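> The structure follows.
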Amino acid sequence: MKQIIVAIDFSKTSMNALDFGIHIANKAGADLQMVWVDNTTSEEVVFEGFAHEERNEKVALLKELQEKHSKRLKSGKLDFKTRKGKVYIEIAQQAKSVSADLIITGTHGVSGFEEFWIGSNAYRIVTNAPCPVITLRHDFKIGDIHKIVIPIDSSQETRQKIPVVAQVAQLFNSEIHILSLYSTPLKSVQKRVDNYARQVAEYCEERKIKYVLVTKESENITRTTIDYAEAVGAEMIAIMTEQESTTANIFLGPYAQQMVNHSTVPVLSMRAKELVSIVNGI
């Protein structure tokens, strides 16, 4: 992990994301880049002069943030980049241009009001990003990551998150909670979930990562995962952005979007890779 991007819109949500980014960058010895996207359109701007003045003000604020927080980075450097266009597209393009290993962005969930762009674009950033994305709320207290929950379902992609999770766990000496979720009474499907969970456990054992293996029946895997994370005091949930859906979840919306919107702890989201076997022997 050498390059981390933090989406900035100057809201308290994005300031908390910046604090979290600095904390992770210090653990990884990574560089950190703040990215602000000017998403105004010509129709929204009555006087171009005012728009230019606002952009200059935002650049000045970015420079202030850089000067204020650079000293907090122990080994990496802090810089910033401004872009123009749709927020989620430009964040993704910037991540590609610098080969970012991680994007961190704030989210306000489904309740409350956020006057800036970061909340409404959080899930779009997740689904368009070329690398893993961490989303977190403004009220999450920054600290070490002691426990990470990784829900395991019957989809082949469910195991692809473990290499990234293992990297985070090794940075923080975290304990991984492997949460096997039964979303169907079919024994053949449950057996597949058990096999996947056992393979993830073996991956942790090979790397001397602490882990706990738990099995739960669930009609809504999002709610079950969040409830479990809150019950054990986890500081992170790791998911794939493409997962299976139970009948209940189909009516409630995509699994990953539910997780980003409802989780009270940071969510580490990764896009599934087609026909790729990342975990050794899987």
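As shown in the structure tokens, the chain order sets the letters A, B, ...; within each chain, residues go from 1, and ligands are also counted from 1 in the order they appear.
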Quick one: residues within 8 Å of stretch 22-29 of chain A, only C-alpha atoms, excluding same-chain residues fewer than 5 positions away - as a list in words?

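Contacts, with the query itself left out: Met1, Lys2, Ile4, Arg72, Leu73, Lys74, Ser75, Gly76, Ile142, Gly143, Leu171 and Phe172 of chain A.
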
> Just to be explicit: take each residue in the selection above, keep N, CA, C and O atoms, and write the result as a PDB file, in the first residue's frame.


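After the write, part-v3.pdb holds the following:
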ATOM      1  N   MET A   1       0.846  -1.189   0.000  1.00  0.00           N
ATOM      2  CA  MET A   1       0.000   0.000   0.000  1.00  0.00           C
ATOM      3  C   MET A   1       0.882   1.240   0.000  1.00  0.00           C
ATOM      4  O   MET A   1       1.463   1.602   1.019  1.00  0.00           O
ATOM      5  N   LYS A   2       0.989   1.877  -1.167  1.00  0.00           N
ATOM      6  CA  LYS A   2       1.894   3.020  -1.315  1.00  0.00           C
ATOM      7  C   LYS A   2       1.175   4.338  -1.558  1.00  0.00           C
ATOM      8  O   LYS A   2       1.712   5.406  -1.263  1.00  0.00           O
ATOM      9  N   ILE A   4      -2.615   6.384  -1.203  1.00  0.00           N
ATOM     10  CA  ILE A   4      -3.988   6.446  -0.709  1.00  0.00           C
ATOM     11  C   ILE A   4      -4.608   7.759  -1.158  1.00  0.00           C
ATOM     12  O   ILE A   4      -3.978   8.817  -1.076  1.00  0.00           O
ATOM     13  N   ARG A  72       1.625  15.552  10.250  1.00  0.00           N
ATOM     14  CA  ARG A  72       1.074  14.362  10.913  1.00  0.00           C
ATOM     15  C   ARG A  72       1.515  13.069  10.222  1.00  0.00           C
ATOM     16  O   ARG A  72       1.434  12.002  10.827  1.00  0.00           O
ATOM     17  N   LEU A  73       1.948  13.160   8.961  1.00  0.00           N
ATOM     18  CA  LEU A  73       2.412  11.972   8.252  1.00  0.00           C
ATOM     19  C   LEU A  73       3.840  11.658   8.672  1.00  0.00           C
ATOM     20  O   LEU A  73       4.722  12.511   8.597  1.00  0.00           O
ATOM     21  N   LYS A  74       4.066  10.426   9.098  1.00  0.00           N
ATOM     22  CA  LYS A  74       5.370  10.059   9.646  1.00  0.00           C
ATOM     23  C   LYS A  74       6.419   9.834   8.572  1.00  0.00           C
ATOM     24  O   LYS A  74       7.585  10.151   8.759  1.00  0.00           O
ATOM     25  N   SER A  75       6.016   9.262   7.432  1.00  0.00           N
ATOM     26  CA  SER A  75       7.006   8.977   6.386  1.00  0.00           C
ATOM     27  C   SER A  75       6.534   9.358   4.994  1.00  0.00           C
ATOM     28  O   SER A  75       7.327   9.764   4.156  1.00  0.00           O
ATOM     29  N   GLY A  76       5.243   9.237   4.721  1.00  0.00           N
ATOM     30  CA  GLY A  76       4.723   9.577   3.405  1.00  0.00           C
ATOM     31  C   GLY A  76       4.537  11.079   3.246  1.00  0.00           C
ATOM     32  O   GLY A  76       4.752  11.858   4.172  1.00  0.00           O
ATOM     33  N   ILE A 142     -11.698   7.678  15.153  1.00  0.00           N
ATOM     34  CA  ILE A 142     -10.506   7.131  14.522  1.00  0.00           C
ATOM     35  C   ILE A 142      -9.612   6.463  15.558  1.00  0.00           C
ATOM     36  O   ILE A 142      -9.346   7.014  16.635  1.00  0.00           O
ATOM     37  N   GLY A 143      -9.148   5.281  15.243  1.00  0.00           N
ATOM     38  CA  GLY A 143      -8.245   4.543  16.112  1.00  0.00           C
ATOM     39  C   GLY A 143      -7.771   3.295  15.400  1.00  0.00           C
ATOM     40  O   GLY A 143      -8.040   3.106  14.210  1.00  0.00           O
ATOM     41  N   LEU A 171      -1.229  -4.879   9.154  1.00  0.00           N
ATOM     42  CA  LEU A 171      -0.812  -3.524   9.512  1.00  0.00           C
ATOM     43  C   LEU A 171      -1.200  -3.180  10.951  1.00  0.00           C
ATOM     44  O   LEU A 171      -0.443  -2.537  11.679  1.00  0.00           O
ATOM     45  N   PHE A 172      -2.391  -3.628  11.357  1.00  0.00           N
ATOM     46  CA  PHE A 172      -2.926  -3.250  12.664  1.00  0.00           C
ATOM     47  C   PHE A 172      -2.902  -4.396  13.681  1.00  0.00           C
ATOM     48  O   PHE A 172      -3.388  -4.225  14.795  1.00  0.00           O
TER      49      PHE A 172
END

> Could you write out, as a CSV table (one decimal) with all heavy atoms, in the first residue's frame, all the residues of stretch 7-256 of chain A that DSSP marks as strand (DSSP E)?


chain,number,residue,atom,x,y,z
A,7,ALA,N,-11.2,11.4,-0.7
A,7,ALA,CA,-12.1,12.4,-1.4
A,7,ALA,C,-12.5,13.5,-0.4
A,7,ALA,O,-12.9,13.2,0.7
A,7,ALA,CB,-13.4,11.6,-1.8
A,31,ASP,N,1.9,7.4,0.8
A,31,ASP,CA,1.6,8.7,0.5
A,31,ASP,C,0.1,8.9,0.5
A,31,ASP,O,-0.7,8.0,0.2
A,31,ASP,CB,2.2,9.1,-0.9
A,31,ASP,CG,3.7,9.1,-0.9
A,31,ASP,OD1,4.3,9.4,0.1
A,31,ASP,OD2,4.2,8.8,-2.0
A,32,LEU,N,-0.3,10.2,0.7
A,32,LEU,CA,-1.8,10.5,0.8
A,32,LEU,C,-2.1,11.7,-0.1
A,32,LEU,O,-1.3,12.7,-0.1
A,32,LEU,CB,-2.1,10.8,2.2
A,32,LEU,CG,-3.6,10.9,2.6
A,32,LEU,CD1,-4.3,9.5,2.5
A,32,LEU,CD2,-3.8,11.4,4.0
A,33,GLN,N,-3.1,11.5,-0.9
A,33,GLN,CA,-3.5,12.6,-1.8
A,33,GLN,C,-5.0,13.0,-1.6
A,33,GLN,O,-5.8,12.1,-1.6
A,33,GLN,CB,-3.3,12.2,-3.3
A,33,GLN,CG,-3.6,13.3,-4.3
A,33,GLN,CD,-3.3,12.9,-5.7
A,33,GLN,OE1,-4.0,12.1,-6.3
A,33,GLN,NE2,-2.3,13.5,-6.3
A,34,MET,N,-5.2,14.2,-1.3
A,34,MET,CA,-6.6,14.7,-1.2
A,34,MET,C,-7.1,15.1,-2.6
A,34,MET,O,-6.3,15.7,-3.4
A,34,MET,CB,-6.6,16.0,-0.3
A,34,MET,CG,-6.1,15.7,1.1
A,34,MET,SD,-6.1,17.3,2.1
A,34,MET,CE,-4.8,18.2,1.3
A,35,VAL,N,-8.3,14.7,-2.9
A,35,VAL,CA,-8.9,15.0,-4.2
A,35,VAL,C,-10.2,15.7,-4.1
A,35,VAL,O,-11.1,15.2,-3.4
A,35,VAL,CB,-9.1,13.7,-5.1
A,35,VAL,CG1,-9.7,14.1,-6.4
A,35,VAL,CG2,-7.7,13.0,-5.3
A,36,TRP,N,-10.3,17.0,-4.6
A,36,TRP,CA,-11.5,17.7,-4.7
A,36,TRP,C,-12.0,17.8,-6.1
A,36,TRP,O,-11.2,18.1,-7.0
A,36,TRP,CB,-11.4,19.1,-4.1
A,36,TRP,CG,-12.6,20.0,-4.3
A,36,TRP,CD1,-13.8,19.8,-3.7
A,36,TRP,CD2,-12.7,21.1,-5.2
A,36,TRP,NE1,-14.7,20.7,-4.1
A,36,TRP,CE2,-14.1,21.5,-5.0
A,36,TRP,CE3,-11.9,21.7,-6.0
A,36,TRP,CZ2,-14.5,22.6,-5.8
A,36,TRP,CZ3,-12.3,22.8,-6.8
A,36,TRP,CH2,-13.7,23.3,-6.6
A,37,VAL,N,-13.3,17.6,-6.3
A,37,VAL,CA,-13.8,17.6,-7.7
A,37,VAL,C,-14.8,18.8,-7.8
A,37,VAL,O,-15.8,18.8,-7.0
A,37,VAL,CB,-14.5,16.3,-8.0
A,37,VAL,CG1,-15.1,16.4,-9.5
A,37,VAL,CG2,-13.6,15.1,-7.9
A,38,ASP,N,-14.6,19.7,-8.7
A,38,ASP,CA,-15.6,20.7,-9.0
A,38,ASP,C,-16.7,20.1,-9.9
A,38,ASP,O,-16.4,19.9,-11.0
A,38,ASP,CB,-14.8,21.9,-9.7
A,38,ASP,CG,-15.8,23.0,-10.0
A,38,ASP,OD1,-17.0,22.9,-9.7
A,38,ASP,OD2,-15.3,24.0,-10.6
A,78,LEU,N,1.9,14.3,1.8
A,78,LEU,CA,0.6,14.7,1.6
A,78,LEU,C,0.5,15.8,0.5
A,78,LEU,O,1.2,16.8,0.6
A,78,LEU,CB,0.0,15.3,2.9
A,78,LEU,CG,-1.5,15.8,2.8
A,78,LEU,CD1,-2.5,14.7,2.5
A,78,LEU,CD2,-1.8,16.5,4.2
A,79,ASP,N,-0.3,15.5,-0.5
A,79,ASP,CA,-0.5,16.5,-1.6
A,79,ASP,C,-2.0,16.5,-1.9
A,79,ASP,O,-2.8,15.9,-1.3
A,79,ASP,CB,0.4,16.3,-2.8
A,79,ASP,CG,0.0,15.0,-3.5
A,79,ASP,OD1,-0.9,14.3,-3.0
A,79,ASP,OD2,0.7,14.7,-4.5
A,80,PHE,N,-2.4,17.3,-2.9
A,80,PHE,CA,-3.8,17.4,-3.3
A,80,PHE,C,-3.9,17.6,-4.9
A,80,PHE,O,-2.9,18.0,-5.5
A,80,PHE,CB,-4.5,18.5,-2.6
A,80,PHE,CG,-4.0,19.9,-3.0
A,80,PHE,CD1,-4.6,20.6,-4.1
A,80,PHE,CD2,-3.1,20.6,-2.3
A,80,PHE,CE1,-4.1,21.8,-4.5
A,80,PHE,CE2,-2.6,21.8,-2.6
A,80,PHE,CZ,-3.2,22.5,-3.7
A,81,LYS,N,-5.1,17.2,-5.4
A,81,LYS,CA,-5.4,17.4,-6.8
A,81,LYS,C,-6.8,17.8,-6.9
A,81,LYS,O,-7.7,17.4,-6.2
A,81,LYS,CB,-5.2,16.0,-7.5
A,81,LYS,CG,-5.6,16.0,-8.9
A,81,LYS,CD,-4.5,16.7,-9.8
A,81,LYS,CE,-4.8,16.5,-11.3
A,81,LYS,NZ,-3.8,17.2,-12.1
A,82,THR,N,-7.0,18.8,-7.9
A,82,THR,CA,-8.4,19.2,-8.2
A,82,THR,C,-8.7,18.7,-9.6
A,82,THR,O,-7.9,18.6,-10.5
A,82,THR,CB,-8.5,20.8,-8.2
A,82,THR,OG1,-7.6,21.3,-9.2
A,82,THR,CG2,-8.1,21.3,-6.8
A,83,ARG,N,-10.0,18.4,-9.7
A,83,ARG,CA,-10.5,17.9,-11.0
A,83,ARG,C,-11.9,18.5,-11.3
A,83,ARG,O,-12.5,19.0,-10.3
A,83,ARG,CB,-10.6,16.3,-11.0
A,83,ARG,CG,-9.2,15.7,-10.9
A,83,ARG,CD,-9.4,14.2,-11.0
A,83,ARG,NE,-9.7,13.7,-12.4
A,83,ARG,CZ,-8.8,13.2,-13.2
A,83,ARG,NH1,-7.6,12.9,-12.8
A,83,ARG,NH2,-9.2,12.8,-14.4
A,84,LYS,N,-12.3,18.4,-12.5
A,84,LYS,CA,-13.6,19.0,-12.9
A,84,LYS,C,-14.4,17.9,-13.6
A,84,LYS,O,-14.0,17.2,-14.5
A,84,LYS,CB,-13.3,20.2,-13.9
A,84,LYS,CG,-14.6,20.7,-14.5
A,84,LYS,CD,-15.4,21.6,-13.6
A,84,LYS,CE,-16.6,22.2,-14.3
A,84,LYS,NZ,-17.5,23.0,-13.3
A,102,LEU,N,-5.8,2.5,-2.5
A,102,LEU,CA,-7.0,2.6,-1.6
A,102,LEU,C,-7.6,4.0,-1.8
A,102,LEU,O,-6.8,5.0,-1.9
A,102,LEU,CB,-6.5,2.4,-0.2
A,102,LEU,CG,-7.6,2.5,0.9
A,102,LEU,CD1,-8.6,1.3,0.8
A,102,LEU,CD2,-7.0,2.4,2.3
A,103,ILE,N,-8.9,4.0,-1.8
A,103,ILE,CA,-9.6,5.3,-1.7
A,103,ILE,C,-10.4,5.3,-0.4
A,103,ILE,O,-11.0,4.3,0.0
A,103,ILE,CB,-10.6,5.4,-2.9
A,103,ILE,CG1,-9.9,5.5,-4.2
A,103,ILE,CG2,-11.5,6.7,-2.7
A,103,ILE,CD1,-10.8,5.4,-5.4
A,104,ILE,N,-10.4,6.5,0.3
A,104,ILE,CA,-11.2,6.6,1.5
A,104,ILE,C,-12.2,7.8,1.2
A,104,ILE,O,-11.8,8.9,0.8
A,104,ILE,CB,-10.3,6.9,2.7
A,104,ILE,CG1,-9.3,5.8,2.9
A,104,ILE,CG2,-11.2,7.1,3.9
A,104,ILE,CD1,-8.3,6.0,4.0
A,105,THR,N,-13.5,7.6,1.5
A,105,THR,CA,-14.5,8.6,1.3
A,105,THR,C,-15.5,8.5,2.4
A,105,THR,O,-15.8,7.5,3.0
A,105,THR,CB,-15.2,8.4,0.0
A,105,THR,OG1,-16.1,9.5,-0.2
A,105,THR,CG2,-15.9,7.1,-0.2
A,106,GLY,N,-16.1,9.6,2.7
A,106,GLY,CA,-17.1,9.7,3.8
A,106,GLY,C,-18.5,9.3,3.2
A,106,GLY,O,-18.7,9.3,2.0
A,133,VAL,N,-12.1,0.5,-1.7
A,133,VAL,CA,-12.6,1.8,-1.1
A,133,VAL,C,-13.1,1.6,0.3
A,133,VAL,O,-13.8,0.6,0.6
A,133,VAL,CB,-13.8,2.4,-1.9
A,133,VAL,CG1,-14.3,3.7,-1.4
A,133,VAL,CG2,-13.4,2.6,-3.4
A,134,ILE,N,-12.7,2.5,1.2
A,134,ILE,CA,-13.3,2.5,2.6
A,134,ILE,C,-14.2,3.7,2.7
A,134,ILE,O,-13.9,4.8,2.4
A,134,ILE,CB,-12.1,2.7,3.6
A,134,ILE,CG1,-11.2,1.4,3.6
A,134,ILE,CG2,-12.7,2.8,5.0
A,134,ILE,CD1,-10.1,1.5,4.6
A,135,THR,N,-15.4,3.4,3.1
A,135,THR,CA,-16.4,4.4,3.4
A,135,THR,C,-16.7,4.5,4.9
A,135,THR,O,-16.7,3.5,5.6
A,135,THR,CB,-17.8,4.1,2.7
A,135,THR,OG1,-18.2,2.8,3.0
A,135,THR,CG2,-17.6,4.3,1.2
A,136,LEU,N,-16.8,5.7,5.5
A,136,LEU,CA,-17.0,5.8,6.9
A,136,LEU,C,-17.8,7.1,7.2
A,136,LEU,O,-17.8,8.0,6.4
A,136,LEU,CB,-15.7,5.9,7.7
A,136,LEU,CG,-14.8,7.1,7.6
A,136,LEU,CD1,-14.0,7.2,8.9
A,136,LEU,CD2,-13.9,7.1,6.4
A,147,LYS,N,-10.6,-5.4,15.1
A,147,LYS,CA,-11.4,-6.5,14.6
A,147,LYS,C,-12.0,-6.2,13.3
A,147,LYS,O,-12.5,-5.1,13.1
A,147,LYS,CB,-12.5,-6.9,15.6
A,147,LYS,CG,-12.1,-7.3,17.0
A,147,LYS,CD,-13.2,-7.6,17.9
A,147,LYS,CE,-12.8,-8.0,19.3
A,147,LYS,NZ,-13.9,-8.3,20.2
A,148,ILE,N,-11.9,-7.1,12.3
A,148,ILE,CA,-12.4,-6.9,11.0
A,148,ILE,C,-13.4,-8.1,10.7
A,148,ILE,O,-13.0,-9.2,10.9
A,148,ILE,CB,-11.3,-6.9,9.9
A,148,ILE,CG1,-10.3,-5.8,10.2
A,148,ILE,CG2,-11.9,-6.7,8.5
A,148,ILE,CD1,-9.1,-5.9,9.3
A,149,VAL,N,-14.6,-7.8,10.3
A,149,VAL,CA,-15.6,-8.8,10.0
A,149,VAL,C,-15.6,-9.0,8.5
A,149,VAL,O,-15.8,-8.0,7.7
A,149,VAL,CB,-17.0,-8.4,10.5
A,149,VAL,CG1,-18.1,-9.4,10.0
A,149,VAL,CG2,-17.0,-8.2,12.0
A,150,ILE,N,-15.5,-10.3,8.1
A,150,ILE,CA,-15.6,-10.6,6.6
A,150,ILE,C,-16.8,-11.6,6.5
A,150,ILE,O,-16.6,-12.8,6.8
A,150,ILE,CB,-14.3,-11.1,6.0
A,150,ILE,CG1,-13.7,-12.2,6.8
A,150,ILE,CG2,-13.3,-10.0,5.9
A,150,ILE,CD1,-12.5,-12.9,6.1
A,151,PRO,N,-17.9,-11.1,6.0
A,151,PRO,CA,-19.0,-12.1,5.7
A,151,PRO,C,-18.7,-13.0,4.5
A,151,PRO,O,-18.2,-12.5,3.5
A,151,PRO,CB,-20.2,-11.2,5.4
A,151,PRO,CG,-19.6,-9.9,4.9
A,151,PRO,CD,-18.3,-9.8,5.6
A,152,ILE,N,-19.0,-14.3,4.7
A,152,ILE,CA,-18.7,-15.3,3.6
A,152,ILE,C,-20.1,-15.8,3.2
A,152,ILE,O,-20.8,-16.4,4.0
A,152,ILE,CB,-17.8,-16.4,4.1
A,152,ILE,CG1,-16.5,-15.8,4.5
A,152,ILE,CG2,-17.6,-17.5,3.0
A,152,ILE,CD1,-15.7,-15.2,3.4
A,175,GLU,N,-7.7,-8.9,14.5
A,175,GLU,CA,-8.3,-10.2,14.5
A,175,GLU,C,-9.4,-10.2,13.4
A,175,GLU,O,-10.3,-9.3,13.4
A,175,GLU,CB,-8.9,-10.5,15.9
A,175,GLU,CG,-9.6,-11.8,16.0
A,175,GLU,CD,-10.2,-12.0,17.4
A,175,GLU,OE1,-11.2,-11.4,17.7
A,175,GLU,OE2,-9.6,-12.8,18.2
A,176,ILE,N,-9.4,-11.2,12.6
A,176,ILE,CA,-10.4,-11.3,11.5
A,176,ILE,C,-11.5,-12.2,12.0
A,176,ILE,O,-11.3,-13.3,12.4
A,176,ILE,CB,-9.8,-11.9,10.2
A,176,ILE,CG1,-8.8,-10.9,9.6
A,176,ILE,CG2,-10.9,-12.2,9.2
A,176,ILE,CD1,-8.1,-11.3,8.4
A,177,HIS,N,-12.7,-11.7,11.8
A,177,HIS,CA,-13.9,-12.5,12.2
A,177,HIS,C,-14.6,-13.0,10.9
A,177,HIS,O,-15.1,-12.2,10.1
A,177,HIS,CB,-14.9,-11.7,13.0
A,177,HIS,CG,-14.5,-11.5,14.4
A,177,HIS,ND1,-15.3,-11.9,15.5
A,177,HIS,CD2,-13.4,-11.0,14.9
A,177,HIS,CE1,-14.7,-11.6,16.6
A,177,HIS,NE2,-13.5,-11.0,16.3
A,178,ILE,N,-14.4,-14.3,10.6
A,178,ILE,CA,-15.0,-14.9,9.4
A,178,ILE,C,-16.4,-15.3,9.7
A,178,ILE,O,-16.7,-16.2,10.5
A,178,ILE,CB,-14.1,-16.2,9.0
A,178,ILE,CG1,-12.6,-15.8,8.9
A,178,ILE,CG2,-14.7,-16.8,7.7
A,178,ILE,CD1,-11.7,-17.0,8.8
A,179,LEU,N,-17.3,-14.6,9.1
A,179,LEU,CA,-18.8,-14.8,9.4
A,179,LEU,C,-19.4,-15.6,8.2
A,179,LEU,O,-19.7,-15.0,7.2
A,179,LEU,CB,-19.4,-13.4,9.6
A,179,LEU,CG,-20.9,-13.4,9.9
A,179,LEU,CD1,-21.2,-14.1,11.2
A,179,LEU,CD2,-21.4,-12.0,10.0
A,180,SER,N,-19.6,-16.9,8.5
A,180,SER,CA,-20.3,-17.7,7.5
A,180,SER,C,-21.8,-17.4,7.5
A,180,SER,O,-22.4,-17.6,8.6
A,180,SER,CB,-20.0,-19.2,7.7
A,180,SER,OG,-18.7,-19.5,7.6
A,181,LEU,N,-22.4,-17.1,6.4
A,181,LEU,CA,-23.8,-16.7,6.4
A,181,LEU,C,-24.6,-17.7,5.6
A,181,LEU,O,-24.4,-17.9,4.4
A,181,LEU,CB,-24.0,-15.3,5.8
A,181,LEU,CG,-23.4,-14.2,6.7
A,181,LEU,CD1,-23.4,-12.9,5.9
A,181,LEU,CD2,-24.1,-14.1,8.0
A,182,TYR,N,-25.6,-18.4,6.2
A,182,TYR,CA,-26.5,-19.3,5.5
A,182,TYR,C,-27.7,-18.5,5.1
A,182,TYR,O,-28.5,-18.1,6.0
A,182,TYR,CB,-26.9,-20.4,6.4
A,182,TYR,CG,-25.8,-21.4,6.8
A,182,TYR,CD1,-26.0,-22.3,7.9
A,182,TYR,CD2,-24.6,-21.4,6.1
A,182,TYR,CE1,-25.0,-23.2,8.2
A,182,TYR,CE2,-23.6,-22.3,6.5
A,182,TYR,CZ,-23.8,-23.2,7.5
A,182,TYR,OH,-22.8,-24.1,7.9
A,211,TYR,N,-7.8,-15.2,14.0
A,211,TYR,CA,-9.2,-15.2,13.4
A,211,TYR,C,-10.2,-15.9,14.3
A,211,TYR,O,-9.8,-16.7,15.1
A,211,TYR,CB,-9.1,-15.9,12.0
A,211,TYR,CG,-8.9,-17.4,12.0
A,211,TYR,CD1,-10.0,-18.2,12.0
A,211,TYR,CD2,-7.7,-17.9,12.0
A,211,TYR,CE1,-9.9,-19.6,12.1
A,211,TYR,CE2,-7.5,-19.3,12.0
A,211,TYR,CZ,-8.6,-20.1,12.0
A,211,TYR,OH,-8.4,-21.5,12.0
A,212,VAL,N,-11.4,-15.6,14.0
A,212,VAL,CA,-12.5,-16.3,14.7
A,212,VAL,C,-13.5,-16.7,13.6
A,212,VAL,O,-13.8,-16.0,12.7
A,212,VAL,CB,-13.3,-15.3,15.7
A,212,VAL,CG1,-14.5,-16.0,16.3
A,212,VAL,CG2,-12.3,-14.9,16.8
A,213,LEU,N,-14.0,-18.0,13.7
A,213,LEU,CA,-14.9,-18.5,12.7
A,213,LEU,C,-16.3,-18.6,13.3
A,213,LEU,O,-16.5,-19.4,14.3
A,213,LEU,CB,-14.4,-19.8,12.2
A,213,LEU,CG,-15.2,-20.5,11.1
A,213,LEU,CD1,-15.3,-19.6,9.8
A,213,LEU,CD2,-14.5,-21.8,10.7
A,214,VAL,N,-17.3,-18.0,12.7
A,214,VAL,CA,-18.7,-17.9,13.3
A,214,VAL,C,-19.6,-18.2,12.1
A,214,VAL,O,-19.5,-17.8,11.0
A,214,VAL,CB,-19.0,-16.6,13.9
A,214,VAL,CG1,-20.4,-16.6,14.4
A,214,VAL,CG2,-18.0,-16.2,15.0
A,215,THR,N,-20.7,-19.0,12.4
A,215,THR,CA,-21.7,-19.3,11.5
A,215,THR,C,-23.1,-18.8,11.9
A,215,THR,O,-23.4,-19.0,13.1
A,215,THR,CB,-21.8,-20.8,11.2
A,215,THR,OG1,-20.6,-21.3,10.8
A,215,THR,CG2,-22.9,-21.2,10.2
A,216,LYS,N,-23.8,-18.1,11.0
A,216,LYS,CA,-25.1,-17.6,11.4
A,216,LYS,C,-26.1,-17.8,10.2
A,216,LYS,O,-25.7,-17.7,9.0
A,216,LYS,CB,-25.1,-16.1,11.7
A,216,LYS,CG,-24.5,-15.8,13.0
A,216,LYS,CD,-24.5,-14.4,13.4
A,216,LYS,CE,-24.0,-14.1,14.8
A,216,LYS,NZ,-24.8,-14.7,15.8
A,217,GLU,N,-27.4,-18.1,10.5
A,217,GLU,CA,-28.4,-18.2,9.5
A,217,GLU,C,-28.9,-16.7,9.3
A,217,GLU,O,-29.0,-16.0,10.3
A,217,GLU,CB,-29.5,-19.1,9.9
A,217,GLU,CG,-29.1,-20.6,10.0
A,217,GLU,CD,-30.3,-21.5,10.4
A,217,GLU,OE1,-31.4,-21.0,10.6
A,217,GLU,OE2,-30.1,-22.7,10.4
A,236,MET,N,-14.3,-2.5,11.4
A,236,MET,CA,-14.3,-2.6,9.9
A,236,MET,C,-15.1,-3.8,9.5
A,236,MET,O,-15.0,-4.9,10.1
A,236,MET,CB,-12.9,-2.6,9.3
A,236,MET,CG,-12.9,-2.6,7.8
A,236,MET,SD,-11.2,-2.3,7.1
A,236,MET,CE,-11.0,-0.6,7.5
A,237,ILE,N,-15.8,-3.6,8.4
A,237,ILE,CA,-16.5,-4.7,7.7
A,237,ILE,C,-16.0,-4.7,6.3
A,237,ILE,O,-15.8,-3.7,5.6
A,237,ILE,CB,-18.0,-4.5,7.6
A,237,ILE,CG1,-18.6,-4.6,9.1
A,237,ILE,CG2,-18.7,-5.6,6.8
A,237,ILE,CD1,-20.1,-4.2,9.1
A,238,ALA,N,-15.6,-5.9,5.8
A,238,ALA,CA,-15.0,-6.0,4.4
A,238,ALA,C,-16.0,-6.8,3.5
A,238,ALA,O,-16.4,-7.9,3.9
A,238,ALA,CB,-13.7,-6.7,4.4
A,239,ILE,N,-16.3,-6.2,2.3
A,239,ILE,CA,-17.3,-6.9,1.5
A,239,ILE,C,-16.8,-6.8,0.0
A,239,ILE,O,-16.0,-6.0,-0.3
A,239,ILE,CB,-18.7,-6.2,1.6
A,239,ILE,CG1,-18.7,-4.8,1.1
A,239,ILE,CG2,-19.2,-6.3,3.0
A,239,ILE,CD1,-20.0,-4.1,0.9
A,240,MET,N,-17.5,-7.6,-0.8
A,240,MET,CA,-17.3,-7.4,-2.3
A,240,MET,C,-18.5,-6.6,-2.7
A,240,MET,O,-19.6,-6.7,-2.1
A,240,MET,CB,-17.3,-8.8,-3.0
A,240,MET,CG,-16.3,-9.8,-2.5
A,240,MET,SD,-14.6,-9.1,-2.6
A,240,MET,CE,-14.4,-8.8,-4.3

> From a DSSP pass on the backbone, collect the residues of stretch 17-260 of chain A flagged as alpha helix (DSSP H) and hand them back as a PyMOL selection string.

chain A and resi 17-28+48-69+87-97+118-128+162-172+187-206+221-232+247-252+255-260

> Please indicate the distance in Å from atom CA of A:Ser11 to atom CA of A:His138, rounded to one decimal place.

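Pair atom CA of A:Ser11 / atom CA of A:His138 returns 8.9 Å.
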